[in-house]
$ cat target_3.txt   # compact mmCIF, C-alpha atoms
# COMPACT_ATOMS: atom_id res chain seq x y z
CA MET X 1 -1.38 -16.43 -3.42
CA LYS X 2 1.43 -14.06 -2.51
CA SER X 3 3.34 -15.13 0.61
CA ILE X 4 5.58 -13.28 3.02
CA SER X 5 8.61 -14.82 1.34
CA HIS X 6 7.74 -13.00 -1.90
CA LEU X 7 7.30 -9.54 -0.38
CA ASP X 8 9.73 -6.76 -1.16
CA THR X 9 11.51 -5.54 1.95
CA PRO X 10 11.28 -3.63 4.15
CA ALA X 11 7.55 -4.13 4.70
CA ALA X 12 5.23 -3.53 7.63
CA LEU X 13 3.47 -6.73 8.69
CA VAL X 14 0.35 -6.96 10.87
CA ASP X 15 -0.34 -10.31 12.52
CA VAL X 16 -4.13 -10.12 12.34
CA ALA X 17 -4.75 -12.91 14.85
CA ARG X 18 -2.65 -11.11 17.45
CA MET X 19 -4.29 -7.79 16.63
CA GLN X 20 -7.78 -9.26 17.03
CA ARG X 21 -6.76 -10.81 20.33
CA ASN X 22 -5.47 -7.44 21.56
CA ILE X 23 -8.66 -5.70 20.47
CA GLN X 24 -10.88 -8.23 22.20
CA ARG X 25 -8.81 -8.13 25.38
CA MET X 26 -9.22 -4.36 25.69
CA GLN X 27 -12.91 -4.37 24.76
CA ASN X 28 -13.66 -7.15 27.25
CA ARG X 29 -11.94 -5.17 29.97
CA MET X 30 -13.89 -2.00 29.19
CA ASN X 31 -17.14 -3.96 29.14
CA ALA X 32 -16.31 -5.45 32.53
CA LEU X 33 -15.52 -1.99 33.93
CA GLY X 34 -18.79 -0.63 32.55
CA VAL X 35 -17.43 2.17 30.39
CA ARG X 36 -17.56 3.14 26.73
CA PHE X 37 -14.33 2.67 24.76
CA ARG X 38 -13.10 5.28 22.27
CA PRO X 39 -9.85 3.98 20.69
CA HIS X 40 -7.11 6.36 19.67
CA VAL X 41 -6.59 5.59 16.00
CA LYS X 42 -3.30 7.47 15.56
CA THR X 43 -1.39 4.21 16.17
CA ALA X 44 -2.55 2.38 13.05
CA LYS X 45 -4.18 5.19 11.02
CA SER X 46 -6.00 2.46 9.13
CA VAL X 47 -9.69 2.11 8.33
CA ASP X 48 -9.33 -1.69 8.32
CA VAL X 49 -7.91 -1.69 11.85
CA THR X 50 -10.45 0.82 13.13
CA ARG X 51 -13.36 -1.13 11.70
CA ALA X 52 -12.14 -4.18 13.62
CA GLN X 53 -12.14 -2.10 16.81
CA ILE X 54 -15.67 -0.84 16.17
CA GLU X 55 -16.93 -4.31 15.30
CA ALA X 56 -15.64 -5.46 18.69
CA GLY X 57 -17.66 -2.76 20.46
CA ALA X 58 -15.75 0.52 20.35
CA GLN X 59 -17.91 3.65 20.24
CA GLY X 60 -16.37 6.63 18.49
CA ILE X 61 -12.70 7.30 17.87
CA THR X 62 -9.94 9.62 19.02
CA VAL X 63 -7.63 11.33 16.52
CA SER X 64 -4.46 13.38 16.77
CA THR X 65 -4.82 15.42 13.57
CA LEU X 66 -7.69 16.98 11.69
CA LYS X 67 -6.53 15.17 8.54
CA GLU X 68 -7.17 11.93 10.41
CA ALA X 69 -10.62 13.23 11.31
CA GLU X 70 -11.33 14.04 7.65
CA GLN X 71 -10.21 10.63 6.42
CA PHE X 72 -12.08 8.63 9.05
CA TYR X 73 -15.22 10.71 8.57
CA ALA X 74 -14.99 10.06 4.82
CA ALA X 75 -14.88 6.35 5.72
CA GLY X 76 -18.17 6.68 7.59
CA ILE X 77 -17.02 7.22 11.20
CA GLY X 78 -18.66 10.33 12.60
CA ASP X 79 -18.16 10.37 16.39
CA ILE X 80 -14.67 11.85 16.67
CA LEU X 81 -12.64 13.49 19.43
CA TYR X 82 -9.71 15.61 18.26
CA ALA X 83 -7.53 15.16 21.35
CA VAL X 84 -4.95 17.90 20.78
CA GLY X 85 -5.45 21.41 22.08
CA ILE X 86 -7.09 23.48 19.38
CA VAL X 87 -5.52 26.60 17.90
CA PRO X 88 -7.61 29.30 16.14
CA THR X 89 -6.10 28.64 12.69
CA LYS X 90 -7.60 25.13 12.72
CA LEU X 91 -11.13 26.20 13.57
CA PRO X 92 -12.19 26.61 9.91
CA GLN X 93 -11.32 22.92 9.36
CA VAL X 94 -13.33 21.97 12.43
CA LEU X 95 -16.29 24.01 11.21
CA ALA X 96 -16.13 22.46 7.72
CA LEU X 97 -16.22 18.95 9.18
CA ARG X 98 -19.09 19.74 11.52
CA GLU X 99 -21.09 21.37 8.70
CA ARG X 100 -20.70 18.13 6.73
CA GLY X 101 -22.26 16.25 9.63
CA CYS X 102 -19.24 15.07 11.59
CA ASP X 103 -19.80 14.98 15.36
CA LEU X 104 -16.34 16.40 16.02
CA LYS X 105 -15.33 17.39 19.54
CA ILE X 106 -12.36 19.64 20.31
CA ILE X 107 -10.38 20.32 23.49
CA THR X 108 -8.74 23.21 25.31
CA ASP X 109 -6.91 23.81 28.56
CA ASN X 110 -6.62 27.60 28.69
CA VAL X 111 -8.66 30.79 28.69
CA THR X 112 -6.96 32.28 25.61
CA SER X 113 -7.99 29.36 23.43
CA ALA X 114 -11.48 29.30 24.94
CA ILE X 115 -11.98 32.96 24.03
CA ALA X 116 -10.79 32.36 20.47
CA ILE X 117 -13.15 29.41 20.01
CA GLY X 118 -16.08 31.46 21.28
CA ASP X 119 -15.24 34.45 19.08
CA PHE X 120 -14.95 32.23 16.00
CA ALA X 121 -18.22 30.45 16.77
CA LYS X 122 -20.10 33.74 17.19
CA ALA X 123 -18.64 35.15 13.99
CA HIS X 124 -19.82 32.07 12.08
CA HIS X 125 -23.14 31.64 13.90
CA THR X 126 -22.28 28.14 14.98
CA GLU X 127 -21.64 26.06 18.09
CA PHE X 128 -18.78 23.75 19.02
CA GLU X 129 -18.62 21.02 21.63
CA VAL X 130 -15.50 21.58 23.70
CA TRP X 131 -13.96 19.27 26.28
CA ILE X 132 -11.56 20.60 28.90
CA GLU X 133 -8.24 18.80 29.22
CA ILE X 134 -7.20 17.89 32.77
CA ASP X 135 -3.65 17.29 34.00
CA THR X 136 -3.70 14.30 36.36
CA ASP X 137 0.01 13.45 36.35
CA GLY X 138 2.10 16.41 35.22
CA HIS X 139 2.88 14.62 31.98
CA ARG X 140 2.13 17.20 29.33
CA SER X 141 -0.99 19.36 28.97
CA GLY X 142 -4.11 20.16 30.91
CA ILE X 143 -5.47 21.96 33.96
CA LYS X 144 -4.92 20.48 37.41
CA PRO X 145 -8.21 19.26 38.93
CA GLU X 146 -8.17 21.83 41.77
CA ASP X 147 -6.88 24.77 39.74
CA PRO X 148 -9.25 27.80 39.80
CA VAL X 149 -8.63 28.30 36.06
CA LEU X 150 -10.77 25.21 35.39
CA LEU X 151 -13.92 27.15 36.23
CA ASP X 152 -12.63 30.21 34.38
CA VAL X 153 -12.24 28.20 31.17
CA ALA X 154 -15.70 26.66 31.56
CA ARG X 155 -17.23 30.10 32.15
CA VAL X 156 -15.55 31.56 29.06
CA LEU X 157 -16.77 28.64 26.97
CA GLU X 158 -20.33 28.96 28.22
CA ASP X 159 -20.32 32.75 27.79
CA GLY X 160 -19.13 32.19 24.23
CA GLY X 161 -22.18 30.06 23.49
CA LEU X 162 -20.16 26.85 23.43
CA ARG X 163 -21.13 23.47 24.84
CA VAL X 164 -18.90 22.07 27.60
CA GLY X 165 -19.04 18.42 26.63
CA GLY X 166 -16.89 17.07 29.43
CA VAL X 167 -13.36 16.60 30.67
CA MET X 168 -10.58 14.40 29.35
CA THR X 169 -7.14 13.38 30.58
CA HIS X 170 -4.24 11.20 29.49
CA ALA X 171 -1.91 9.58 32.04
CA GLY X 172 1.13 9.57 29.79
CA SER X 173 3.45 9.18 32.77
CA SER X 174 2.18 5.60 33.09
CA TYR X 175 4.80 4.69 30.47
CA GLU X 176 7.46 5.35 33.11
CA PHE X 177 6.41 2.44 35.35
CA ASP X 178 6.91 -1.31 35.12
CA GLN X 179 5.32 -2.70 38.28
CA HIS X 180 1.65 -3.67 38.48
CA ASP X 181 1.03 -1.89 41.79
CA ALA X 182 2.48 1.33 40.41
CA LEU X 183 0.31 1.07 37.29
CA VAL X 184 -2.79 0.49 39.43
CA ALA X 185 -1.89 3.59 41.46
CA ILE X 186 -1.40 5.85 38.41
CA ALA X 187 -4.64 4.54 36.91
CA GLU X 188 -6.49 5.48 40.10
CA GLN X 189 -4.78 8.88 40.15
CA GLU X 190 -5.93 9.44 36.57
CA ARG X 191 -9.50 8.39 37.36
CA ALA X 192 -9.77 10.36 40.58
CA GLY X 193 -8.35 13.55 39.07
CA ALA X 194 -10.68 13.54 36.08
CA VAL X 195 -13.72 12.74 38.25
CA ARG X 196 -12.78 15.50 40.70
CA ALA X 197 -12.55 18.04 37.87
CA ALA X 198 -15.99 16.98 36.62
CA GLU X 199 -17.42 17.28 40.14
CA ARG X 200 -16.10 20.83 40.49
CA LEU X 201 -17.61 21.83 37.15
CA ARG X 202 -20.99 20.34 38.03
CA ALA X 203 -20.98 21.95 41.47
CA ALA X 204 -20.41 25.31 39.77
CA GLY X 205 -23.43 24.75 37.53
CA PHE X 206 -21.73 23.61 34.34
CA ASP X 207 -22.77 20.56 32.35
CA CYS X 208 -20.10 17.90 32.24
CA PRO X 209 -21.61 14.72 30.80
CA VAL X 210 -18.36 13.06 29.70
CA VAL X 211 -15.42 12.01 31.86
CA SER X 212 -12.82 10.57 29.49
CA VAL X 213 -9.55 8.98 30.65
CA GLY X 214 -7.01 6.72 29.13
CA SER X 215 -3.68 5.31 28.14
CA THR X 216 -2.89 1.71 27.32
CA PRO X 217 -1.15 0.99 30.66
CA THR X 218 -3.87 2.59 32.81
CA ALA X 219 -6.73 1.10 30.80
CA LEU X 220 -5.30 -2.36 31.38
CA SER X 221 -4.48 -1.72 35.05
CA ALA X 222 -7.46 0.19 36.49
CA GLU X 223 -9.28 -1.76 39.17
CA HIS X 224 -12.45 0.33 38.88
CA LEU X 225 -13.60 3.37 36.92
CA GLU X 226 -16.32 4.87 39.10
CA GLY X 227 -17.37 8.24 37.72
CA VAL X 228 -15.70 7.68 34.34
CA THR X 229 -17.87 7.45 31.23
CA GLU X 230 -15.28 6.48 28.60
CA VAL X 231 -11.71 5.30 28.11
CA ARG X 232 -9.26 6.02 25.30
CA ALA X 233 -6.18 3.98 24.37
CA GLY X 234 -4.28 3.43 21.15
CA VAL X 235 -1.05 1.44 21.09
CA TYR X 236 -2.74 -1.64 22.62
CA VAL X 237 -4.02 -2.60 19.17
CA PHE X 238 -0.48 -3.53 18.09
CA PHE X 239 1.50 -3.26 21.34
CA ASP X 240 5.28 -2.80 21.17
CA LEU X 241 8.51 -3.29 23.12
CA VAL X 242 7.92 -0.24 25.32
CA MET X 243 4.61 -1.77 26.42
CA ARG X 244 6.37 -5.11 26.89
CA ASN X 245 8.80 -3.39 29.27
CA VAL X 246 5.96 -1.58 31.06
CA GLY X 247 4.50 -5.02 31.70
CA VAL X 248 1.09 -4.87 30.02
CA CYS X 249 1.93 -7.29 27.21
CA THR X 250 4.48 -9.89 26.18
CA ALA X 251 6.52 -10.00 23.00
CA ASP X 252 4.06 -12.63 21.77
CA ASP X 253 1.29 -9.99 21.83
CA ILE X 254 3.09 -7.56 19.50
CA ALA X 255 1.15 -7.57 16.25
CA LEU X 256 3.29 -5.17 14.19
CA SER X 257 6.70 -6.05 12.79
CA VAL X 258 8.95 -4.99 9.94
CA LEU X 259 10.07 -7.63 7.47
CA THR X 260 13.67 -7.16 6.37
CA THR X 261 16.41 -9.00 4.44
CA VAL X 262 20.05 -9.59 5.33
CA ILE X 263 22.18 -7.87 2.67
CA GLY X 264 25.71 -8.25 4.10
CA HIS X 265 27.96 -8.68 7.14
CA GLN X 266 30.72 -7.15 9.20
CA GLU X 267 31.96 -10.47 10.57
CA GLU X 268 34.76 -9.05 12.72
CA LYS X 269 32.14 -6.94 14.53
CA GLY X 270 29.53 -9.67 14.72
CA TRP X 271 27.10 -7.70 12.58
CA ALA X 272 24.53 -8.68 9.98
CA ILE X 273 23.42 -5.78 7.80
CA VAL X 274 19.74 -5.61 6.82
CA ASP X 275 17.75 -3.40 4.46
CA ALA X 276 15.58 -1.86 7.20
CA GLY X 277 17.13 1.21 8.80
CA TRP X 278 15.50 4.01 10.73
CA MET X 279 13.41 4.92 7.67
CA ALA X 280 11.63 1.59 8.25
CA MET X 281 11.82 1.35 12.05
CA SER X 282 11.85 5.08 13.02
CA ARG X 283 14.43 6.73 15.26
CA ASP X 284 12.40 5.96 18.37
CA ARG X 285 14.61 4.59 21.14
CA GLY X 286 11.87 4.34 23.73
CA THR X 287 13.33 1.28 25.44
CA GLN X 288 16.68 2.96 26.07
CA LYS X 289 15.77 4.09 29.60
CA GLN X 290 13.68 1.02 30.44
CA LYS X 291 14.65 -2.19 32.19
CA GLN X 292 15.64 -3.80 28.87
CA ASP X 293 17.04 -1.88 25.91
CA PHE X 294 16.15 -3.41 22.55
CA GLY X 295 18.12 -0.94 20.45
CA TYR X 296 15.92 -0.30 17.41
CA GLY X 297 13.93 -3.52 17.81
CA GLN X 298 13.80 -7.20 18.75
CA VAL X 299 14.86 -9.63 16.02
CA CYS X 300 12.60 -12.54 15.03
CA ALA X 301 12.78 -15.21 12.37
CA GLU X 302 10.71 -14.78 9.22
CA ASP X 303 7.88 -16.79 10.79
CA GLY X 304 7.82 -14.50 13.85
CA THR X 305 9.72 -16.77 16.24
CA LEU X 306 11.70 -14.67 18.73
CA LEU X 307 15.48 -14.90 18.37
CA ASP X 308 16.42 -14.21 21.96
CA GLY X 309 19.55 -12.15 22.39
CA TYR X 310 19.46 -10.57 18.91
CA ILE X 311 18.44 -6.96 18.45
CA MET X 312 18.72 -4.25 15.83
CA SER X 313 21.55 -2.50 17.63
CA GLY X 314 22.10 0.30 15.13
CA ALA X 315 20.36 2.00 12.24
CA ASN X 316 21.24 4.33 9.41
CA GLN X 317 18.71 5.66 6.96
CA GLU X 318 18.29 2.47 4.91
CA HIS X 319 20.62 0.07 6.76
CA GLY X 320 20.07 -1.73 10.02
CA ILE X 321 22.63 -3.56 12.15
CA VAL X 322 21.59 -6.87 13.69
CA SER X 323 23.85 -8.16 16.43
CA ARG X 324 23.89 -10.25 19.55
CA LEU X 325 23.19 -8.37 22.74
CA GLY X 326 26.24 -8.07 24.95
CA GLU X 327 28.76 -9.95 22.81
CA ALA X 328 29.91 -10.25 19.22
CA ASP X 329 28.66 -13.32 17.36
CA ALA X 330 31.59 -14.81 15.44
CA ASP X 331 29.16 -17.00 13.53
CA ILE X 332 26.87 -14.18 12.42
CA ALA X 333 27.34 -14.84 8.68
CA ARG X 334 26.57 -18.52 9.10
CA ARG X 335 23.61 -17.83 11.36
CA PHE X 336 22.13 -15.16 9.09
CA PRO X 337 23.35 -15.71 5.50
CA VAL X 338 22.74 -13.05 2.86
CA GLY X 339 19.11 -13.31 1.78
CA THR X 340 17.82 -14.38 5.21
CA ARG X 341 14.46 -12.80 5.99
CA LEU X 342 13.88 -11.49 9.50
CA ARG X 343 11.15 -9.65 11.34
CA ILE X 344 11.89 -6.77 13.71
CA LEU X 345 9.48 -5.93 16.53
CA PRO X 346 9.29 -2.15 17.11
CA ASN X 347 10.05 -0.07 20.18
CA HIS X 348 7.11 2.24 19.47
CA ALA X 349 4.38 0.91 17.20
CA CYS X 350 3.00 4.37 16.37
CA ALA X 351 6.38 5.65 15.19
CA THR X 352 7.26 2.54 13.18
CA ALA X 353 3.84 2.36 11.54
CA ALA X 354 4.24 6.00 10.50
CA GLN X 355 7.15 5.04 8.22
CA HIS X 356 4.98 2.88 5.95
CA PRO X 357 2.19 3.68 3.45
CA GLU X 358 0.46 0.32 3.92
CA TYR X 359 0.37 -2.84 5.98
CA GLN X 360 0.72 -6.39 4.77
CA ALA X 361 -1.99 -7.99 6.89
CA VAL X 362 -1.08 -11.60 7.61
CA LEU X 363 -4.33 -13.56 7.84
CA LYS X 364 -5.14 -17.17 8.61
CA ASP X 365 -2.96 -19.69 6.73
CA SER X 366 -0.51 -16.82 6.00
CA GLU X 367 -2.79 -15.26 3.38
CA LEU X 368 -1.90 -11.61 2.81
CA GLN X 369 -4.10 -8.57 2.35
CA ILE X 370 -2.96 -5.01 1.72
CA TRP X 371 -4.40 -2.58 4.26
CA PRO X 372 -3.85 1.05 3.23
CA ARG X 373 -2.63 3.47 5.86
CA PHE X 374 -2.98 7.24 6.06
CA TYR X 375 0.65 8.05 5.34
CA GLY X 376 2.85 10.96 6.32
CA TRP X 377 0.81 12.68 9.03
$ encode --input "target_3.txt" --output "structure tokens"
Amino acid sequence: MKSISHLDTPAALVDVARMQRNIQRMQNRMNALGVRFRPHVKTAKSVDVTRAQIEAGAQGITVSTLKEAEQFYAAGIGDILYAVGIVPTKLPQVLALRERGCDLKIITDNVTSAIAIGDFAKAHHTEFEVWIEIDTDGHRSGIKPEDPVLLDVARVLEDGGLRVGGVMTHAGSSYEFDQHDALVAIAEQERAGAVRAAERLRAAGFDCPVVSVGSTPTALSAEHLEGVTEVRAGVYVFFDLVMRNVGVCTADDIALSVLTTVIGHQEEKGWAIVDAGWMAMSRDRGTQKQKQDFGYGQVCAEDGTLLDGYIMSGANQEHGIVSRLGEADADIARRFPVGTRLRILPNHACATAAQHPEYQAVLKDSELQIWPRFYGW
């Protein structure tokens, strides 16, 4: 049986026991709150991971690209929300998937796009289910709940023969907080804004069966979800150091790491050089503005034990720099001899996972399985 010690490095490791614990924690919370859970699969982009989420009780998935939708539909998952505003050039791909039987939903937040969807649908004698994106926190995209354009978009969609399937929002600004009370407040703001948008649509005579909210911090912090029908979240499946700093997990919950090998030293600088640079970890520096900066990742021993005070402080394309936080370690070469294997916990699981074509899934008794990943998009 191949063990971690025999893997080529760098390699992406998934601690399956931690992952399963994360999945069950989220599903239990959604069950307790009485809502359907639609995980965002862009984090792992893995059929093996997504099947574990569905086996735990998830209903449908969320994707960030139409290639993801194609791959997951080919794997037998048909209830899919494409949660990025649609552009007309992608409508032929949407139509092709729907004609093959995929229950693919698309979103918009503006009249121009709504008109284009309707025109395309009429030209091809078809119908799309469209959800309207709502802005509940000024984070990125969407229509504010009280904005008059909300009803304009719904009217254009209906006049175009399209089905208004519901509203959806994403409280991305929740990543900026690190106190429980603040997370509870942003979760309630997210819920209330989406529900208010749905109420306005229904009062104007439009169908709005789905009210979809979600981010990992708000999903794990909401005290109630009255009026919400489903929640979406993604990074919870692996967690990462950004989520650790937000306060919704600990380092012991992080299921994704990158296995690397010490290849040299700069002893006068207190550096160990490893063979995992930003091509293995990504350039994401998401912890830089948070309460604790982990550089490019938290260093662990080969068995996953945290090595407090050691981070990947720098990264070139194929080289990483491991050093002690705050001071040079004069004993770095003795502490981490050439050939030492380390694990690095990522700042942003989605970005780090994206650097690897497959996961080495670490099962019970350290047995390994290869889990393919949709790579490069």
$ atom_distance --input "target_3.txt" --atom1 "atom CA of X:Gly60" --atom2 "atom CA of X:Gly193"
23.1 Å
$ closest_residue --input "target_3.txt" --among "X:Gly264, X:Pro88, X:Gly166, X:Pro39" --to "X:Val338" --atoms "only C-alpha atoms"
X:Gly264
$ closest_residue --input "target_3.txt" --among "X:Gly227, X:Lys144, X:Pro92, X:Val322" --to "X:Phe128" --atoms "all atoms listed in the file"
X:Pro92
$ closest_atom_pairs --input "target_3.txt" --of "stretch 49-109 of chain X" --to "stretch 10-21 of chain X" --cutoff "9 Å" --atoms "all atoms listed in the file" --output "Markdown table"
| residue | atom | partner | partner_atom | distance |
| --- | --- | --- | --- | --- |
| X:Val49 | CA | X:Met19 | CA | 8.6 |
| X:Ala52 | CA | X:Gln20 | CA | 7.5 |
| X:Gln53 | CA | X:Gln20 | CA | 8.4 |
| X:Ala56 | CA | X:Gln20 | CA | 8.9 |
$ residues_around --input "target_3.txt" --residues "stretch 129-142 of chain X" --least-positions-apart "6" --cutoff "7 Å" --atoms "only C-alpha atoms" --output "MDAnalysis selection string"
chainID X and resid 105:109 162:169 171:173 189:190 193:194
$ atom_distance --input "target_3.txt" --atom1 "atom CA of X:Ser323" --atom2 "atom CA of X:Arg285"
16.4 Å
$ residues_around --input "target_3.txt" --residues "X:Ile370" --least-positions-apart "4" --cutoff "10 Å" --atoms "only C-alpha atoms" --output "list in words"
Leu13, Val14, Asp48, Glu358, Tyr359, Gln360, Ala361 and Val362 of chain X
$ residues_around --input "target_3.txt" --residues "X:Glu302" --least-positions-apart "4" --cutoff "6 Å" --atoms "only C-alpha atoms" --output "ChimeraX atom specification"
/X:341-343
$ atom_distance --input "target_3.txt" --atom1 "atom CA of X:Asp147" --atom2 "atom CA of X:Glu127"
26.2 Å
$ residues_near_point --input "target_3.txt" --point "(-16.4, 21.5, 38.1)" --cutoff "12 Å" --atoms "all atoms listed in the file" --output "NGL selection string"
:X and (132 or 134 or 143-155 or 164 or 166-167 or 193-209 or 211)
$ write_last_selection --input "target_3.txt" --atoms "C-alpha atoms" --output "PDB file, in the coordinates of the input"
ATOM      1  CA  ILE X 132     -11.560  20.600  28.900  1.00  0.00           C
ATOM      2  CA  ILE X 134      -7.200  17.890  32.770  1.00  0.00           C
ATOM      3  CA  ILE X 143      -5.470  21.960  33.960  1.00  0.00           C
ATOM      4  CA  LYS X 144      -4.920  20.480  37.410  1.00  0.00           C
ATOM      5  CA  PRO X 145      -8.210  19.260  38.930  1.00  0.00           C
ATOM      6  CA  GLU X 146      -8.170  21.830  41.770  1.00  0.00           C
ATOM      7  CA  ASP X 147      -6.880  24.770  39.740  1.00  0.00           C
ATOM      8  CA  PRO X 148      -9.250  27.800  39.800  1.00  0.00           C
ATOM      9  CA  VAL X 149      -8.630  28.300  36.060  1.00  0.00           C
ATOM     10  CA  LEU X 150     -10.770  25.210  35.390  1.00  0.00           C
ATOM     11  CA  LEU X 151     -13.920  27.150  36.230  1.00  0.00           C
ATOM     12  CA  ASP X 152     -12.630  30.210  34.380  1.00  0.00           C
ATOM     13  CA  VAL X 153     -12.240  28.200  31.170  1.00  0.00           C
ATOM     14  CA  ALA X 154     -15.700  26.660  31.560  1.00  0.00           C
ATOM     15  CA  ARG X 155     -17.230  30.100  32.150  1.00  0.00           C
ATOM     16  CA  VAL X 164     -18.900  22.070  27.600  1.00  0.00           C
ATOM     17  CA  GLY X 166     -16.890  17.070  29.430  1.00  0.00           C
ATOM     18  CA  VAL X 167     -13.360  16.600  30.670  1.00  0.00           C
ATOM     19  CA  GLY X 193      -8.350  13.550  39.070  1.00  0.00           C
ATOM     20  CA  ALA X 194     -10.680  13.540  36.080  1.00  0.00           C
ATOM     21  CA  VAL X 195     -13.720  12.740  38.250  1.00  0.00           C
ATOM     22  CA  ARG X 196     -12.780  15.500  40.700  1.00  0.00           C
ATOM     23  CA  ALA X 197     -12.550  18.040  37.870  1.00  0.00           C
ATOM     24  CA  ALA X 198     -15.990  16.980  36.620  1.00  0.00           C
ATOM     25  CA  GLU X 199     -17.420  17.280  40.140  1.00  0.00           C
ATOM     26  CA  ARG X 200     -16.100  20.830  40.490  1.00  0.00           C
ATOM     27  CA  LEU X 201     -17.610  21.830  37.150  1.00  0.00           C
ATOM     28  CA  ARG X 202     -20.990  20.340  38.030  1.00  0.00           C
ATOM     29  CA  ALA X 203     -20.980  21.950  41.470  1.00  0.00           C
ATOM     30  CA  ALA X 204     -20.410  25.310  39.770  1.00  0.00           C
ATOM     31  CA  GLY X 205     -23.430  24.750  37.530  1.00  0.00           C
ATOM     32  CA  PHE X 206     -21.730  23.610  34.340  1.00  0.00           C
ATOM     33  CA  ASP X 207     -22.770  20.560  32.350  1.00  0.00           C
ATOM     34  CA  CYS X 208     -20.100  17.900  32.240  1.00  0.00           C
ATOM     35  CA  PRO X 209     -21.610  14.720  30.800  1.00  0.00           C
ATOM     36  CA  VAL X 211     -15.420  12.010  31.860  1.00  0.00           C
TER      37      VAL X 211
END
$ residues_around --input "target_3.txt" --residues "X:Arg283" --least-positions-apart "6" --cutoff "12 Å" --atoms "all atoms listed in the file" --output "PDB file with C-alpha atoms, keeping the file's coordinate frame"
ATOM      1  CA  ALA X 276      15.580  -1.860   7.200  1.00  0.00           C
ATOM      2  CA  GLY X 277      17.130   1.210   8.800  1.00  0.00           C
ATOM      3  CA  GLY X 295      18.120  -0.940  20.450  1.00  0.00           C
ATOM      4  CA  TYR X 296      15.920  -0.300  17.410  1.00  0.00           C
ATOM      5  CA  GLY X 297      13.930  -3.520  17.810  1.00  0.00           C
ATOM      6  CA  MET X 312      18.720  -4.250  15.830  1.00  0.00           C
ATOM      7  CA  SER X 313      21.550  -2.500  17.630  1.00  0.00           C
ATOM      8  CA  GLY X 314      22.100   0.300  15.130  1.00  0.00           C
ATOM      9  CA  ALA X 315      20.360   2.000  12.240  1.00  0.00           C
ATOM     10  CA  ASN X 316      21.240   4.330   9.410  1.00  0.00           C
ATOM     11  CA  GLN X 317      18.710   5.660   6.960  1.00  0.00           C
ATOM     12  CA  GLU X 318      18.290   2.470   4.910  1.00  0.00           C
ATOM     13  CA  GLY X 320      20.070  -1.730  10.020  1.00  0.00           C
ATOM     14  CA  PRO X 346       9.290  -2.150  17.110  1.00  0.00           C
ATOM     15  CA  ASN X 347      10.050  -0.070  20.180  1.00  0.00           C
ATOM     16  CA  HIS X 348       7.110   2.240  19.470  1.00  0.00           C
ATOM     17  CA  ALA X 349       4.380   0.910  17.200  1.00  0.00           C
ATOM     18  CA  CYS X 350       3.000   4.370  16.370  1.00  0.00           C
ATOM     19  CA  ALA X 351       6.380   5.650  15.190  1.00  0.00           C
ATOM     20  CA  THR X 352       7.260   2.540  13.180  1.00  0.00           C
ATOM     21  CA  ALA X 354       4.240   6.000  10.500  1.00  0.00           C
ATOM     22  CA  GLN X 355       7.150   5.040   8.220  1.00  0.00           C
TER      23      GLN X 355
END
$ residues_around --input "target_3.txt" --residues "X:Met30" --least-positions-apart "6" --cutoff "8 Å" --atoms "only C-alpha atoms" --output "number ranges by chain"
X: 36-37, 219, 231
$ closest_residue --input "target_3.txt" --among "X:Gly247, X:Pro372, X:Gly76, X:Gly339" --to "X:Thr9" --atoms "only C-alpha atoms"
X:Gly339
$ closest_residue --input "target_3.txt" --among "X:Gln71, X:Ser64, X:Gln24, X:Gln266" --to "X:Ser46" --atoms "all atoms listed in the file"
X:Gln71
